[in-house]
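Source file: structure.txt; contents: compact mmCIF, C-alpha atoms.
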```
# COMPACT_ATOMS: atom_id res chain seq x y z
CA ASP A 21 17.54 -37.09 -18.65
CA VAL A 22 17.24 -34.12 -16.32
CA PRO A 23 18.61 -34.61 -12.78
CA ALA A 24 15.97 -34.39 -10.06
CA LEU A 25 16.06 -31.74 -7.37
CA PRO A 26 16.17 -32.82 -3.72
CA ALA A 27 12.77 -33.78 -2.32
CA GLY A 28 10.97 -30.98 -0.53
CA GLY A 29 8.48 -28.20 -0.89
CA ASN A 30 9.94 -26.67 -4.04
CA LEU A 31 7.71 -24.38 -6.03
CA GLY A 32 8.09 -23.04 -9.54
CA HIS A 33 6.40 -20.55 -11.79
CA GLY A 34 5.84 -21.46 -15.42
CA HIS A 35 3.74 -20.34 -18.33
CA PRO A 36 4.78 -22.15 -21.55
CA ALA A 37 4.66 -25.93 -21.87
CA ARG A 38 8.42 -26.18 -22.37
CA SER A 39 9.24 -24.58 -19.01
CA ILE A 40 6.50 -26.55 -17.21
CA LYS A 41 7.83 -29.85 -18.53
CA ARG A 42 11.41 -28.95 -17.62
CA ALA A 43 10.36 -27.99 -14.10
CA LEU A 44 8.45 -31.22 -13.62
CA LYS A 45 11.37 -33.29 -14.94
CA LEU A 46 13.64 -31.45 -12.50
CA GLY A 47 11.39 -32.58 -9.65
CA LEU A 48 9.47 -29.45 -8.69
CA ARG A 49 6.54 -30.39 -6.48
CA SER A 50 4.23 -27.58 -7.58
CA ILE A 51 4.05 -25.06 -10.40
CA GLU A 52 2.04 -21.86 -10.48
CA HIS A 53 0.30 -20.41 -13.54
CA CYS A 54 0.65 -23.18 -16.19
CA THR A 55 -1.10 -21.02 -18.77
CA ILE A 56 0.08 -22.73 -21.99
CA MET A 57 0.10 -26.49 -21.47
CA ASP A 58 -0.02 -29.49 -23.75
CA GLN A 59 -0.97 -33.12 -23.07
CA GLU A 60 2.61 -34.02 -22.19
CA CYS A 61 2.49 -31.46 -19.35
CA VAL A 62 -0.67 -33.05 -18.00
CA ASP A 63 0.87 -36.52 -18.26
CA LEU A 64 3.98 -35.36 -16.38
CA PHE A 65 1.91 -33.77 -13.61
CA LEU A 66 0.16 -37.11 -13.14
CA GLU A 67 3.34 -39.18 -13.41
CA LYS A 68 5.20 -37.02 -10.87
CA ASP A 69 2.14 -36.59 -8.62
CA ALA A 70 2.93 -32.87 -8.77
CA TRP A 71 0.65 -29.92 -8.06
CA MET A 72 -0.65 -27.24 -10.39
CA ILE A 73 -1.66 -23.90 -8.93
CA PRO A 74 -3.60 -22.06 -11.64
CA THR A 75 -3.77 -18.33 -11.09
CA MET A 76 -6.77 -17.32 -13.15
CA ALA A 77 -7.66 -14.26 -11.08
CA ILE A 78 -4.42 -12.43 -11.93
CA ILE A 79 -5.00 -12.97 -15.63
CA GLU A 80 -8.53 -11.62 -15.45
CA SER A 81 -7.63 -8.80 -13.10
CA LEU A 82 -4.74 -7.61 -15.28
CA HIS A 83 -6.94 -7.92 -18.36
CA GLN A 84 -9.48 -5.61 -16.74
CA ARG A 85 -7.19 -3.26 -14.81
CA GLY A 86 -3.68 -3.81 -16.18
CA PRO A 87 -3.00 -0.30 -17.48
CA ALA A 88 -4.17 1.26 -14.19
CA ALA A 89 -1.90 -1.18 -12.31
CA GLY A 90 1.08 -0.17 -14.44
CA LEU A 91 1.12 -3.11 -16.89
CA PRO A 92 3.05 -2.05 -20.01
CA PRO A 93 1.33 -2.36 -23.43
CA ASP A 94 3.53 -5.27 -24.60
CA SER A 95 2.64 -7.23 -21.44
CA GLN A 96 -1.04 -6.42 -22.01
CA ALA A 97 -0.72 -7.87 -25.53
CA LYS A 98 0.86 -11.10 -24.17
CA LEU A 99 -1.93 -11.33 -21.63
CA THR A 100 -4.54 -11.15 -24.39
CA GLU A 101 -2.87 -14.15 -26.06
CA VAL A 102 -2.64 -16.19 -22.87
CA ARG A 103 -6.21 -15.72 -21.56
CA PRO A 104 -7.85 -18.40 -23.73
CA THR A 105 -4.99 -20.91 -23.41
CA SER A 106 -5.02 -20.61 -19.63
CA MET A 107 -8.63 -21.82 -19.46
CA THR A 108 -7.88 -24.66 -21.88
CA SER A 109 -4.86 -25.70 -19.81
CA LEU A 110 -6.87 -25.63 -16.59
CA GLU A 111 -9.67 -27.67 -18.13
CA MET A 112 -7.21 -30.30 -19.43
CA ALA A 113 -5.63 -30.64 -16.00
CA TYR A 114 -8.95 -30.74 -14.13
CA LYS A 115 -10.47 -33.40 -16.38
CA ALA A 116 -7.32 -35.54 -16.14
CA GLY A 117 -7.26 -35.42 -12.33
CA VAL A 118 -4.10 -33.34 -11.82
CA ASN A 119 -3.58 -32.20 -8.22
CA LEU A 120 -4.94 -28.63 -8.11
CA ALA A 121 -4.69 -26.02 -5.35
CA TYR A 122 -6.10 -22.52 -5.06
CA GLY A 123 -3.91 -19.52 -5.81
CA THR A 124 -4.27 -16.07 -7.33
CA ASP A 125 -0.80 -14.40 -7.50
CA LEU A 126 -2.43 -11.01 -6.91
CA LEU A 127 -0.49 -8.14 -5.37
CA GLY A 128 -1.09 -4.54 -4.41
CA MET A 129 -4.26 -2.89 -5.66
CA LEU A 130 -5.26 -6.12 -7.45
CA HIS A 131 -5.41 -8.13 -4.22
CA GLU A 132 -9.06 -7.20 -3.78
CA ASP A 133 -9.85 -9.45 -6.78
CA GLN A 134 -8.60 -12.59 -4.99
CA SER A 135 -11.98 -14.29 -4.70
CA THR A 136 -12.81 -13.94 -8.41
CA GLU A 137 -10.73 -17.12 -8.72
CA PHE A 138 -13.80 -19.06 -7.48
CA ARG A 139 -16.05 -17.67 -10.21
CA ILE A 140 -13.50 -18.13 -12.99
CA ARG A 141 -12.75 -21.75 -12.08
CA ALA A 142 -16.48 -22.44 -11.85
CA GLU A 143 -16.69 -22.04 -15.62
CA ILE A 144 -15.23 -25.55 -15.84
CA MET A 145 -15.33 -27.01 -12.30
CA LYS A 146 -17.85 -27.99 -9.69
CA PRO A 147 -17.96 -25.45 -6.82
CA GLU A 148 -17.27 -28.13 -4.21
CA ASP A 149 -14.04 -29.06 -6.04
CA ILE A 150 -12.91 -25.42 -5.96
CA PHE A 151 -13.55 -25.23 -2.20
CA ARG A 152 -11.50 -28.41 -1.72
CA GLN A 153 -8.67 -26.84 -3.73
CA ALA A 154 -8.74 -23.83 -1.39
CA THR A 155 -8.92 -25.88 1.82
CA THR A 156 -8.06 -29.56 2.22
CA LEU A 157 -6.07 -29.87 -1.00
CA ALA A 158 -4.07 -26.71 -0.28
CA ALA A 159 -3.32 -28.14 3.16
CA GLU A 160 -2.10 -31.34 1.51
CA LEU A 161 0.12 -29.39 -0.88
CA PHE A 162 1.74 -27.54 2.04
CA ARG A 163 1.91 -30.72 4.14
CA MET A 164 -0.33 -29.14 6.78
CA GLU A 165 -3.20 -31.65 6.83
CA GLY A 166 -5.17 -31.48 10.06
CA GLU A 167 -3.71 -28.05 10.85
CA VAL A 168 -5.33 -25.89 8.13
CA GLY A 169 -8.05 -26.46 5.58
CA THR A 170 -10.27 -28.34 7.99
CA ILE A 171 -12.58 -27.83 10.94
CA ALA A 172 -11.28 -30.26 13.53
CA PRO A 173 -9.92 -30.36 17.10
CA GLY A 174 -6.38 -29.00 17.11
CA ALA A 175 -6.72 -27.19 13.77
CA ARG A 176 -6.00 -23.47 13.54
CA ALA A 177 -9.64 -22.36 13.48
CA ASP A 178 -9.59 -20.52 10.17
CA LEU A 179 -13.31 -20.11 9.54
CA LEU A 180 -15.71 -18.27 7.27
CA ILE A 181 -19.46 -18.06 7.78
CA VAL A 182 -21.14 -16.88 4.60
CA ASP A 183 -24.58 -15.27 4.41
CA GLY A 184 -25.99 -17.71 1.86
CA ASN A 185 -24.84 -20.88 0.15
CA PRO A 186 -21.64 -20.31 -1.86
CA LEU A 187 -22.02 -23.73 -3.47
CA GLU A 188 -25.09 -22.33 -5.21
CA ASP A 189 -23.81 -18.75 -5.65
CA LEU A 190 -20.03 -18.31 -5.83
CA SER A 191 -20.41 -14.53 -6.05
CA LEU A 192 -20.92 -14.68 -2.27
CA MET A 193 -17.17 -15.26 -2.00
CA GLU A 194 -16.42 -11.95 -3.75
CA GLY A 195 -16.69 -8.41 -2.44
CA GLN A 196 -13.85 -8.56 0.10
CA GLY A 197 -15.95 -10.29 2.75
CA GLN A 198 -19.15 -8.27 2.34
CA HIS A 199 -21.21 -11.49 2.29
CA MET A 200 -19.36 -13.02 5.22
CA MET A 201 -20.79 -12.86 8.70
CA LEU A 202 -17.63 -14.24 10.33
CA ILE A 203 -14.01 -14.15 9.23
CA MET A 204 -11.71 -15.94 11.65
CA LYS A 205 -8.00 -16.75 11.37
CA ASP A 206 -6.12 -18.75 13.97
CA GLY A 207 -9.13 -18.47 16.26
CA LYS A 208 -9.20 -14.66 16.14
CA ALA A 209 -12.29 -13.00 14.63
CA TYR A 210 -11.46 -10.22 12.18
CA LYS A 211 -15.13 -9.71 11.34
CA ASN A 212 -18.03 -10.91 13.46
CA GLU A 213 -21.62 -10.02 12.64
CA LEU A 214 -23.11 -13.07 14.34
CA ASN A 215 -24.11 -11.21 17.52
```

As structure tokens, what does this structure read like?
Amino acid sequence: DVPALPAGGNLGHGHPARSIKRALKLGLRSIEHCTIMDQECVDLFLEKDAWMIPTMAIIESLHQRGPAAGLPPDSQAKLTEVRPTSMTSLEMAYKAGVNLAYGTDLLGMLHEDQSTEFRIRAEIMKPEDIFRQATTLAAELFRMEGEVGTIAPGARADLLIVDGNPLEDLSLMEGQGQHMMLIMKDGKAYKNELN
């Protein structure tokens, strides 16, 4: 038996099944990446009521632009191996009902690819589920229900108004806000084309 960590908002990063299982047995509440999972991982996520934060955008972004971003050749080779298993792992978790939240793990020049996560997840998920993962479910993960991830009195007023229906066309979420008429965070408009 592995001793549990104290309860709290602990977060881990894991790629192979062995490290994911160890982290879950240690009591981590959420794990990012989870690119090479097996059924035991999925079962442990469900048993522990833990959260998986797939980061599909970083995998795709590094696949496309890794060398330009400084990714060494041996890391590029590992990435090529992990791309197909990451989608399989995500599909296993999604179909089993594992708690999923939105994340990308993108940094620097790759940050502009953050919204490709919607399109990639849509290969196996319903768009409305992806939006929940980015809003209400993310709020639940961070124990911020009613404060973020919702439009309600007393919430932070983080709002997007999209020119079109992203449930029918997820590409509207891409392009660094080019399809968004309003981008508001904490009640402050950073882009407003409604007037």

Using all atoms listed in the file: which of A:Ala37, A:Ile73, A:Lys45, A:Ser81 has the shortest distance to A:Asp58:
A:Ala37

For atom CA of A:Asp133 and atom CA of A:Ala177, the interatomic separation in Å (one decimal):
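That distance, rounded to one decimal, is 24.0 Å.
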
Any idea what's packed within 10 Å of A:Thr170, counting all atoms listed in the file, ignoring anything in its chain fewer than 3 positions away? Could you give it as a PyMOL selection string?
chain A and resi 152+155-156+159+165-167+173-179

What is the distance, in Å and to one decimal place, between atom CA of A:Leu180 and atom CA of A:Ile203?
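Going from atom CA of A:Leu180 over to atom CA of A:Ile203 covers 4.9 Å.
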
Find the distance between atom CA of A:Asp189 and atom CA of A:Leu214 and write it in Å to one decimal.
20.8 Å

Which residue, A:Ser191, A:Asn215, A:Asn185, A:Ser109, has the smallest gap to A:Ala142 when you use all atoms listed in the file?
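Checking each of A:Ser191, A:Asn215, A:Asn185, A:Ser109 against A:Ala142, counting all atoms listed in the file, the winner is A:Ser191.
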
Would you list the residues near (-1.2, -22.8, -16.6) (no more than 9 Å away, in the coordinates of the file, using all atoms listed in the file) as a list of chain:residue names?
A:Gly34, A:His35, A:Pro36, A:Ala37, A:Ile40, A:Ile51, A:Glu52, A:His53, A:Cys54, A:Thr55, A:Ile56, A:Met57, A:Met72, A:Ile73, A:Pro74, A:Thr75, A:Met76, A:Thr105, A:Ser106, A:Met107, A:Thr108, A:Ser109, A:Leu110

Excluding A:Glu148 and residues on its chain fewer than 4 positions from it, collect all residues at most 10 Å away from it, counting only C-alpha atoms, and give them as a PyMOL selection string.
chain A and resi 142+152-154+186-188

Compile the contact shell of A:Phe138 as a list in words: residues with an atom at most 8 Å away, counting only C-alpha atoms, same-chain residues fewer than 4 positions apart removed.
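In the requested format, the answer is Ala142, Pro147, Ile150, Leu190 and Met193 of chain A.
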